[in-house]
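Participant: So I've got this file, data.txt, and it contains compact mmCIF, C-alpha atoms:
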```txt
# COMPACT_ATOMS: atom_id res chain seq x y z
CA MET A 21 0.00 0.00 0.00
CA LYS A 22 1.39 3.35 -1.00
CA TYR A 23 1.96 6.01 1.63
CA PHE A 24 3.22 9.54 1.58
CA LEU A 25 6.16 10.60 3.72
CA ILE A 26 6.38 14.36 4.27
CA ILE A 27 9.52 15.92 5.67
CA PHE A 28 8.82 19.55 6.47
CA PHE A 29 11.32 22.35 7.11
CA VAL A 30 9.44 25.33 8.57
CA ILE A 31 12.02 28.05 8.65
CA LEU A 32 9.88 30.91 9.88
CA ASN A 33 7.19 31.22 12.55
CA SER A 34 4.17 30.01 10.61
CA SER A 35 0.59 30.70 11.56
CA CYS A 36 -2.13 28.07 11.31
CA ALA A 37 -3.20 29.64 8.06
CA SER A 38 0.34 29.23 6.68
CA LEU A 39 0.40 25.58 7.70
CA SER A 40 -3.00 25.08 6.12
CA THR A 41 -1.75 26.61 2.89
CA ALA A 42 1.36 24.44 3.06
CA TYR A 43 -0.71 21.31 3.53
CA ASP A 44 -2.91 22.20 0.56
CA GLY A 45 0.21 22.65 -1.58
CA LEU A 46 1.63 19.32 -0.47
CA ARG A 47 -1.68 17.59 -1.06
CA THR A 48 -1.85 18.99 -4.59
CA ALA A 49 1.70 17.89 -5.32
CA TYR A 50 0.92 14.41 -4.00
CA ASP A 51 -2.13 14.16 -6.27
CA ASP A 52 0.01 15.31 -9.21
CA LEU A 53 2.56 12.60 -8.50
CA LEU A 54 -0.12 9.93 -8.48
CA ASN A 55 -1.77 11.27 -11.64
CA ASN A 56 1.61 11.15 -13.38
CA ASN A 57 1.72 7.38 -12.74
CA SER A 58 4.41 7.62 -10.08
CA ASN A 59 4.44 4.17 -8.47
CA PRO A 60 7.06 4.07 -5.71
CA GLU A 61 6.06 2.36 -2.49
CA THR A 62 7.34 5.35 -0.54
CA ILE A 63 7.37 8.91 -1.81
CA GLU A 64 9.71 11.22 0.07
CA TYR A 65 8.68 14.81 -0.18
CA GLU A 66 10.82 17.52 1.37
CA ALA A 67 9.77 21.14 1.32
CA VAL A 68 10.46 24.48 2.89
CA ILE A 69 8.06 27.31 3.57
CA LEU A 70 9.42 30.67 2.40
CA PRO A 71 6.55 33.17 2.54
CA GLU A 72 8.82 35.91 1.13
CA LEU A 73 9.25 33.96 -2.11
CA SER A 74 6.21 31.74 -2.50
CA SER A 75 2.80 31.19 -0.95
CA LYS A 76 3.28 27.45 -1.48
CA PRO A 77 5.92 25.13 -0.01
CA ILE A 78 9.03 24.82 -2.15
CA LEU A 79 10.17 21.29 -2.89
CA VAL A 80 13.73 20.22 -2.18
CA GLU A 81 14.39 18.21 -5.33
CA ASP A 82 17.16 15.62 -5.45
CA ILE A 83 19.14 15.89 -8.65
CA ASN A 84 18.96 12.81 -10.86
CA ILE A 85 19.04 12.14 -14.58
CA GLN A 86 15.25 12.36 -14.91
CA LEU A 87 15.21 15.81 -13.29
CA ILE A 88 18.07 16.99 -15.51
CA ASP A 89 16.27 15.78 -18.63
CA SER A 90 13.06 17.55 -17.62
CA LEU A 91 14.93 20.83 -16.99
CA ASP A 92 16.76 20.57 -20.32
CA GLU A 93 13.45 19.98 -22.10
CA LYS A 94 11.96 23.14 -20.56
CA ASN A 95 15.02 25.14 -21.52
CA ASN A 96 14.86 24.17 -25.19
CA LEU A 97 14.88 27.31 -27.27
CA ASN A 98 11.70 27.85 -29.21
CA ILE A 99 12.22 30.66 -31.68
CA PRO A 100 8.80 32.10 -32.58
CA VAL A 101 7.63 30.95 -35.98
CA GLU A 102 6.89 34.50 -37.08
CA LEU A 103 10.56 35.43 -36.72
CA ILE A 104 11.84 32.47 -38.71
CA SER A 105 9.16 32.59 -41.38
CA TYR A 106 9.44 36.33 -42.19
CA ARG A 107 11.01 36.97 -45.59
CA PRO A 108 11.40 40.55 -46.84
CA GLY A 109 10.18 41.42 -50.31
CA PRO A 110 11.93 43.69 -52.82
CA TYR A 111 13.13 46.99 -51.42
CA THR A 112 10.60 49.79 -51.78
CA ILE A 113 11.68 53.41 -52.13
CA GLY A 114 10.78 55.83 -49.37
CA VAL A 115 11.12 59.45 -48.26
CA GLY A 116 14.75 60.52 -47.97
CA ASP A 117 16.19 57.89 -50.32
CA LYS A 118 18.47 59.19 -53.05
CA LEU A 119 17.90 57.95 -56.62
CA LEU A 120 20.36 57.89 -59.50
CA ILE A 121 18.63 58.10 -62.90
CA TYR A 122 20.64 57.58 -66.09
CA VAL A 123 19.05 57.92 -69.54
CA TYR A 124 20.95 56.43 -72.50
CA GLY A 125 20.41 57.20 -76.17
CA GLU A 126 18.97 60.29 -77.83
CA THR A 127 19.40 63.21 -75.53
CA GLU A 128 19.03 66.20 -77.84
CA ARG A 129 15.26 66.34 -77.30
CA LEU A 130 15.72 66.10 -73.52
CA SER A 131 17.05 69.65 -73.15
CA ALA A 132 20.46 68.09 -73.04
CA VAL A 133 23.40 70.06 -71.84
CA VAL A 134 25.90 70.62 -74.62
CA ALA A 135 29.55 70.69 -73.66
CA PHE A 136 32.28 71.23 -76.21
CA GLY A 137 29.77 70.59 -78.96
CA LYS A 138 28.82 67.13 -77.69
CA ALA A 139 25.56 66.06 -76.13
CA ILE A 140 25.85 64.54 -72.64
CA ASN A 141 23.45 61.89 -71.41
CA PRO A 142 21.66 63.43 -68.44
CA ILE A 143 22.47 61.82 -65.12
CA TYR A 144 20.22 62.97 -62.31
CA GLU A 145 20.45 62.30 -58.60
CA LYS A 146 17.19 63.00 -56.81
CA TYR A 147 16.20 62.79 -53.14
CA VAL A 148 12.67 61.55 -52.57
CA ARG A 149 10.77 64.53 -51.19
CA ASP A 150 8.57 64.54 -48.09
CA ASP A 151 5.50 63.95 -50.23
CA GLY A 152 7.09 60.84 -51.77
CA THR A 153 7.76 62.41 -55.20
CA ILE A 154 10.65 63.39 -57.45
CA PHE A 155 10.81 65.68 -60.47
CA TYR A 156 12.45 64.60 -63.72
CA PRO A 157 12.70 66.80 -66.87
CA ASN A 158 10.17 65.90 -69.57
CA ALA A 159 8.60 63.35 -67.24
CA GLY A 160 7.29 65.77 -64.65
CA VAL A 161 6.49 64.88 -61.06
CA LEU A 162 6.59 61.17 -60.28
CA ASN A 163 5.24 59.50 -57.17
CA VAL A 164 7.92 56.95 -56.17
CA ASP A 165 7.10 56.30 -52.50
CA GLY A 166 6.44 52.61 -51.87
CA LYS A 167 7.57 51.58 -55.35
CA THR A 168 10.43 49.32 -56.34
CA VAL A 169 13.31 50.50 -58.52
CA GLU A 170 11.90 48.48 -61.42
CA GLU A 171 8.47 50.10 -61.06
CA VAL A 172 10.03 53.59 -61.14
CA ARG A 173 12.10 52.64 -64.19
CA LYS A 174 8.97 51.53 -66.04
CA ASP A 175 7.13 54.74 -65.09
CA LEU A 176 9.98 56.87 -66.39
CA THR A 177 10.26 54.82 -69.57
CA SER A 178 6.56 55.35 -70.24
CA LYS A 179 6.78 59.11 -69.60
CA LEU A 180 9.93 59.68 -71.66
CA SER A 181 8.70 57.61 -74.61
CA ALA A 182 6.71 60.67 -75.62
CA VAL A 183 9.93 62.59 -76.32
CA LEU A 184 12.47 59.84 -76.93
CA LYS A 185 12.53 56.94 -79.29
CA ASN A 186 12.99 53.71 -77.35
CA PRO A 187 14.55 55.34 -74.25
CA GLN A 188 16.95 53.20 -72.22
CA ILE A 189 16.76 54.11 -68.55
CA ASP A 190 18.62 52.88 -65.48
CA VAL A 191 17.41 53.66 -61.94
CA SER A 192 19.36 52.83 -58.80
CA ILE A 193 19.48 53.91 -55.16
CA THR A 194 22.66 55.63 -53.98
CA GLU A 195 21.55 56.47 -50.42
CA TYR A 196 19.23 54.48 -48.18
CA ASN A 197 17.55 56.72 -45.62
CA SER A 198 13.89 55.75 -45.39
CA GLN A 199 13.96 52.43 -43.56
CA LYS A 200 16.06 51.66 -40.52
CA ILE A 201 16.75 49.37 -37.58
CA ILE A 202 17.59 50.86 -34.19
CA VAL A 203 20.41 49.21 -32.21
CA SER A 204 20.74 50.24 -28.55
CA GLY A 205 22.42 49.11 -25.37
CA VAL A 206 25.88 47.71 -24.74
CA PHE A 207 27.27 47.78 -28.27
CA GLU A 208 30.44 49.41 -29.47
CA SER A 209 28.53 50.89 -32.41
CA PRO A 210 24.89 51.49 -31.45
CA GLY A 211 22.67 53.66 -33.59
CA SER A 212 20.62 53.44 -36.78
CA TYR A 213 21.30 50.73 -39.36
CA PHE A 214 19.55 51.39 -42.66
CA ILE A 215 17.83 48.66 -44.62
CA GLU A 216 19.15 48.32 -48.16
CA THR A 217 18.35 46.33 -51.27
CA VAL A 218 20.02 43.23 -49.86
CA PRO A 219 18.07 42.20 -46.71
CA LYS A 220 19.89 42.24 -43.38
CA THR A 221 19.76 39.38 -40.87
CA LEU A 222 19.92 39.64 -37.09
CA ALA A 223 23.38 38.07 -37.11
CA GLN A 224 24.71 40.64 -39.60
CA VAL A 225 23.45 43.67 -37.69
CA VAL A 226 24.58 42.42 -34.27
CA SER A 227 28.00 41.60 -35.68
CA SER A 228 28.26 45.05 -37.27
CA ALA A 229 27.28 46.73 -33.99
CA LYS A 230 30.10 44.86 -32.18
CA PRO A 231 28.74 43.55 -28.88
CA PHE A 232 32.16 42.38 -27.69
CA ILE A 233 33.53 45.43 -25.92
CA ASP A 234 36.87 45.48 -24.14
CA THR A 235 36.57 47.77 -21.13
CA GLY A 236 39.48 47.74 -18.74
CA GLY A 237 40.39 44.20 -19.64
CA VAL A 238 36.83 42.90 -19.16
CA SER A 239 35.27 41.84 -22.44
CA ASN A 240 31.74 41.02 -23.53
CA GLN A 241 29.85 43.42 -21.27
CA GLY A 242 26.61 42.76 -23.16
CA ASP A 243 24.18 40.04 -22.09
CA LEU A 244 23.99 38.03 -25.32
CA THR A 245 21.94 35.37 -23.52
CA SER A 246 18.99 37.76 -23.51
CA LEU A 247 19.02 39.91 -26.63
CA LYS A 248 15.75 41.83 -27.01
CA LEU A 249 14.19 42.22 -30.46
CA THR A 250 11.17 44.54 -30.52
CA ARG A 251 8.93 44.24 -33.56
CA ASP A 252 5.39 45.52 -34.13
CA GLY A 253 4.80 45.98 -30.40
CA SER A 254 6.08 42.54 -29.39
CA ILE A 255 9.37 41.89 -27.56
CA TYR A 256 11.25 38.68 -28.34
CA ASP A 257 13.89 37.43 -25.88
CA ILE A 258 16.62 35.66 -27.85
CA ASP A 259 19.54 33.67 -26.43
CA TYR A 260 21.93 34.91 -29.10
CA GLU A 261 24.97 33.33 -27.45
CA TYR A 262 23.44 29.83 -27.47
CA LEU A 263 22.07 30.10 -31.00
CA SER A 264 25.37 31.35 -32.40
CA ARG A 265 27.06 28.22 -31.02
CA ASN A 266 24.43 25.63 -31.81
CA SER A 267 22.48 26.56 -34.92
CA GLN A 268 22.19 28.66 -38.06
CA LEU A 269 18.85 30.18 -37.08
CA LEU A 270 20.31 33.64 -36.57
CA ASN A 271 21.04 33.76 -40.30
CA ASN A 272 17.36 33.08 -40.98
CA ILE A 273 15.99 35.92 -38.85
CA TYR A 274 15.59 38.82 -41.28
CA LEU A 275 15.06 42.32 -39.96
CA LYS A 276 12.41 44.78 -41.07
CA ASN A 277 11.82 48.50 -40.89
CA GLY A 278 11.17 49.67 -37.32
CA ASP A 279 12.88 46.75 -35.57
CA VAL A 280 14.70 47.62 -32.34
CA ILE A 281 17.58 45.51 -31.03
CA HIS A 282 18.59 46.06 -27.40
CA LEU A 283 21.51 44.50 -25.55
CA SER A 284 21.42 44.79 -21.77
CA ASP A 285 24.40 44.92 -19.45
CA SER A 286 25.68 41.51 -18.33
CA SER A 287 26.83 42.56 -14.85
CA LEU A 288 24.03 40.52 -13.24
CA LEU A 289 25.01 37.26 -14.96
CA ASN A 290 26.52 35.70 -11.85
CA VAL A 291 26.41 32.44 -9.94
CA PHE A 292 27.06 32.68 -6.21
CA VAL A 293 28.96 29.90 -4.44
CA LEU A 294 28.52 30.03 -0.67
CA GLY A 295 29.23 27.79 2.27
CA GLU A 296 32.07 25.30 2.58
CA ALA A 297 33.80 25.78 -0.75
CA GLN A 298 37.56 26.12 -0.97
CA GLU A 299 36.99 29.59 -2.43
CA PRO A 300 33.43 30.93 -2.03
CA LYS A 301 32.89 33.49 -4.76
CA SER A 302 30.65 35.13 -7.31
CA ILE A 303 31.27 33.67 -10.77
CA ARG A 304 30.59 35.79 -13.85
CA LEU A 305 28.86 33.94 -16.69
CA ASN A 306 29.21 34.63 -20.39
CA ARG A 307 26.34 32.30 -21.25
CA LYS A 308 22.94 31.47 -19.77
CA SER A 309 24.15 28.45 -17.80
CA LEU A 310 27.22 26.42 -16.82
CA PRO A 311 27.56 22.81 -15.61
CA LEU A 312 27.57 22.57 -11.81
CA SER A 313 30.93 20.78 -12.05
CA ASN A 314 32.41 23.83 -13.77
CA VAL A 315 31.02 26.18 -11.13
CA LEU A 316 32.40 24.06 -8.29
CA GLY A 317 35.72 23.84 -10.10
CA GLN A 318 35.99 27.63 -10.30
CA ALA A 319 35.34 27.75 -6.54
CA LYS A 320 38.26 25.30 -6.11
CA GLY A 321 35.93 22.47 -5.13
CA LEU A 322 34.46 21.45 -1.79
CA ASP A 323 36.40 21.95 1.44
CA ASN A 324 36.75 18.33 2.52
CA ALA A 325 37.66 19.30 6.07
CA TYR A 326 34.39 21.13 6.70
CA SER A 327 31.89 20.43 3.93
CA LYS A 328 29.02 17.99 4.03
CA ASN A 329 29.39 16.51 0.56
CA SER A 330 25.97 14.90 0.64
CA SER A 331 24.28 18.29 1.00
CA VAL A 332 25.12 20.62 -1.86
CA TYR A 333 22.13 22.86 -2.56
CA ILE A 334 21.28 24.92 -5.62
CA PHE A 335 18.83 27.70 -4.79
CA ARG A 336 17.08 29.06 -7.89
CA PRO A 337 15.14 32.29 -7.22
CA SER A 338 13.09 31.95 -10.41
CA ASP A 339 12.75 29.16 -12.97
CA ALA A 340 11.23 29.19 -16.47
CA ASP A 341 7.78 29.44 -14.85
CA SER A 342 8.87 32.26 -12.51
CA GLN A 343 8.81 29.94 -9.50
CA PRO A 344 11.59 29.51 -6.89
CA ARG A 345 13.15 26.04 -6.73
CA ILE A 346 15.65 24.24 -4.50
CA PHE A 347 17.82 21.37 -5.73
CA ARG A 348 20.13 19.06 -3.80
CA ILE A 349 22.95 16.86 -5.01
CA ASP A 350 24.97 14.19 -3.17
CA MET A 351 28.66 14.57 -4.03
CA THR A 352 29.88 11.64 -1.91
CA SER A 353 29.99 9.23 -4.86
CA PRO A 354 31.33 9.30 -8.44
CA SER A 355 27.76 9.36 -9.74
CA GLY A 356 27.28 12.71 -8.01
CA TYR A 357 30.16 14.19 -9.97
CA LEU A 358 28.78 12.78 -13.23
CA LEU A 359 25.39 14.34 -12.48
CA ALA A 360 27.10 17.63 -11.56
CA ASP A 361 28.60 17.70 -15.05
CA LYS A 362 25.12 17.42 -16.58
CA PHE A 363 23.18 19.71 -14.23
CA LYS A 364 23.10 23.29 -15.53
CA VAL A 365 23.45 26.18 -13.09
CA ASN A 366 21.76 29.38 -14.28
CA SER A 367 22.72 32.98 -13.68
CA ARG A 368 21.64 34.26 -10.24
CA ASP A 369 21.54 30.72 -8.85
CA ILE A 370 23.03 30.26 -5.40
CA VAL A 371 25.15 27.15 -4.82
CA TYR A 372 25.39 26.40 -1.10
CA ILE A 373 27.73 23.74 0.25
CA GLY A 374 26.60 22.47 3.64
CA THR A 375 28.74 22.13 6.76
CA LYS A 376 29.61 18.84 8.42
CA ASN A 377 27.56 17.87 11.49
CA VAL A 378 25.01 20.60 10.82
CA THR A 379 21.47 19.26 10.51
CA ASN A 380 19.46 22.42 11.11
CA TRP A 381 19.04 23.35 7.46
CA SER A 382 16.32 25.82 8.33
CA ARG A 383 19.10 28.18 9.33
CA ILE A 384 20.64 27.82 5.86
CA PHE A 385 17.45 28.72 4.07
CA ARG A 386 16.83 31.60 6.45
CA GLN A 387 20.24 32.98 5.53
CA LEU A 388 19.66 32.51 1.82
CA VAL A 389 16.31 34.31 1.67
CA PRO A 390 17.73 37.85 2.08
CA ILE A 391 20.38 37.12 -0.57
CA THR A 392 17.71 35.84 -2.93
CA ASN A 393 15.55 38.90 -2.36
CA VAL A 394 18.48 41.18 -3.22
CA ILE A 395 19.19 39.23 -6.41
CA THR A 396 15.53 39.20 -7.45
CA SER A 397 15.18 42.93 -6.78
CA ALA A 398 18.28 43.73 -8.81
CA ASN A 399 16.93 41.57 -11.63
CA SER A 400 13.64 43.45 -11.70
CA ILE A 401 15.45 46.79 -11.78
CA TRP A 402 17.64 45.80 -14.71
CA MET A 403 14.98 44.04 -16.76
CA TYR A 404 14.56 45.71 -20.18
```
For this file, write the structure as structure tokens.
Facilitator:
Amino acid sequence: MKYFLIIFFVILNSSCASLSTAYDGLRTAYDDLLNNNSNPETIEYEAVILPELSSKPILVEDINIQLIDSLDEKNNLNIPVELISYRPGPYTIGVGDKLLIYVYGETERLSAVVAFGKAINPIYEKYVRDDGTIFYPNAGVLNVDGKTVEEVRKDLTSKLSAVLKNPQIDVSITEYNSQKIIVSGVFESPGSYFIETVPKTLAQVVSSAKPFIDTGGVSNQGDLTSLKLTRDGSIYDIDYEYLSRNSQLLNNIYLKNGDVIHLSDSSLLNVFVLGEAQEPKSIRLNRKSLPLSNVLGQAKGLDNAYSKNSSVYIFRPSDADSQPRIFRIDMTSPSGYLLADKFKVNSRDIVYIGTKNVTNWSRIFRQLVPITNVITSANSIWMY
């Protein structure tokens, strides 16, 4: 017969109402486990109550391969279909663009300028006026706004056929001023990037804006794990760093007039290693996550004289569903180190290494709550 074992850490003075809420949360989780066809004879369920972070108890989840797989599945990058499927059409002329018009052939009847007794084919450069028109001799005022180069060429050919026999006309754009992309944030070259005849991709514009800045020996100040693309009132959060390493999708995201690209500062991309590490520290990330083994390695590993290797906690203030989570890993066996190499630690996670002979973990969580609140507050301030 199945039964449900609840191990409860209550780290703050809880009222009856709080305990009632906690029980309801545990009951719901238990029902979820059963509905998901979980069939162990004994289900161990550890939780902490942190009213500052969540109205429901927070599970203490033991890290295993199933948990790692489920987290990796949630973190899969789903680029919105509308970004990938957008394909720009031919460039259309707009206000401020500069056109070069060259007419070949008979020029005498075009009020041609005569120099040294020879007729010169008229070459005109015209800016598109505020009303979307240009003026061309013997063709008059032409509305070119929203038209392609080929459409303007045909219009001119039709107009000039009245004064020229079989006119040969070439139209091209020498300055692109009407359509632009705005690049802001931590780039070396922010500003306006104008759309031209050849469409621009996200990768091209970001590369041209140079996000890798060297400031006092510290490079890559921009948070490429969370590049913001604003289009038609929607904001898309793109892990540019991951995509540039693992796919060609960035070359398939074409930009359009009015797009805004923003790169935030990366100063908050840190993992905090606390407790009985050889070198407790804040570790700066240059990507969204790092293996736990890498993080522990940068902290010089666990302090074997004082650490409780079976109790390494990862405190995550906010997951993909904006919920706090607590993970635990046992580093007393080789399997723990293998799992640590697969488990990904995210920015603003807190890795806490427990102390030997200390069983009152409520004190640990009580100490971590203020740190978590500071991190969460800083995150909300710096969100774009």
Participant: Can you work out which one of A:Val365, A:Ile202, A:Leu269, A:Val371 has the shortest atom-to-atom distance to Ala319 (chain A), counting all atoms listed in the file?
Facilitator: A:Val371
Participant: So that I can see what lies close to Ile334 (chain A), please list as a PDB file with C-alpha atoms, in the coordinates of the input the residues with an atom at most 8 Å from it, counting all atoms listed in the file and leaving out residues fewer than 4 positions away in the same chain.
Facilitator:
```pdb
ATOM      1  CA  ILE A 346      15.650  24.240  -4.500  1.00  0.00           C
ATOM      2  CA  PHE A 347      17.820  21.370  -5.730  1.00  0.00           C
ATOM      3  CA  ARG A 348      20.130  19.060  -3.800  1.00  0.00           C
ATOM      4  CA  VAL A 365      23.450  26.180 -13.090  1.00  0.00           C
ATOM      5  CA  ASP A 369      21.540  30.720  -8.850  1.00  0.00           C
ATOM      6  CA  ILE A 370      23.030  30.260  -5.400  1.00  0.00           C
ATOM      7  CA  VAL A 371      25.150  27.150  -4.820  1.00  0.00           C
ATOM      8  CA  TYR A 372      25.390  26.400  -1.100  1.00  0.00           C
TER       9      TYR A 372
END
```
Participant: Name all residues at most 10 Å from Gly152 (chain A) (count all atoms listed in the file; drop same-chain ones fewer than 6 positions away) and give them as a PyMOL selection string.
Facilitator: chain A and resi 113-117+162-167
Participant: What is the CA of Tyr122 (chain A) to CA of Ile189 (chain A) distance in Å?
Facilitator: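 CA of Ile189 (chain A) lies 5.8 Å from CA of Tyr122 (chain A).
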Participant: Have a look at CA of Asn271 (chain A) and CA of Thr221 (chain A) and let me know their distance in Å, one decimal.
Facilitator: 5.8 Å
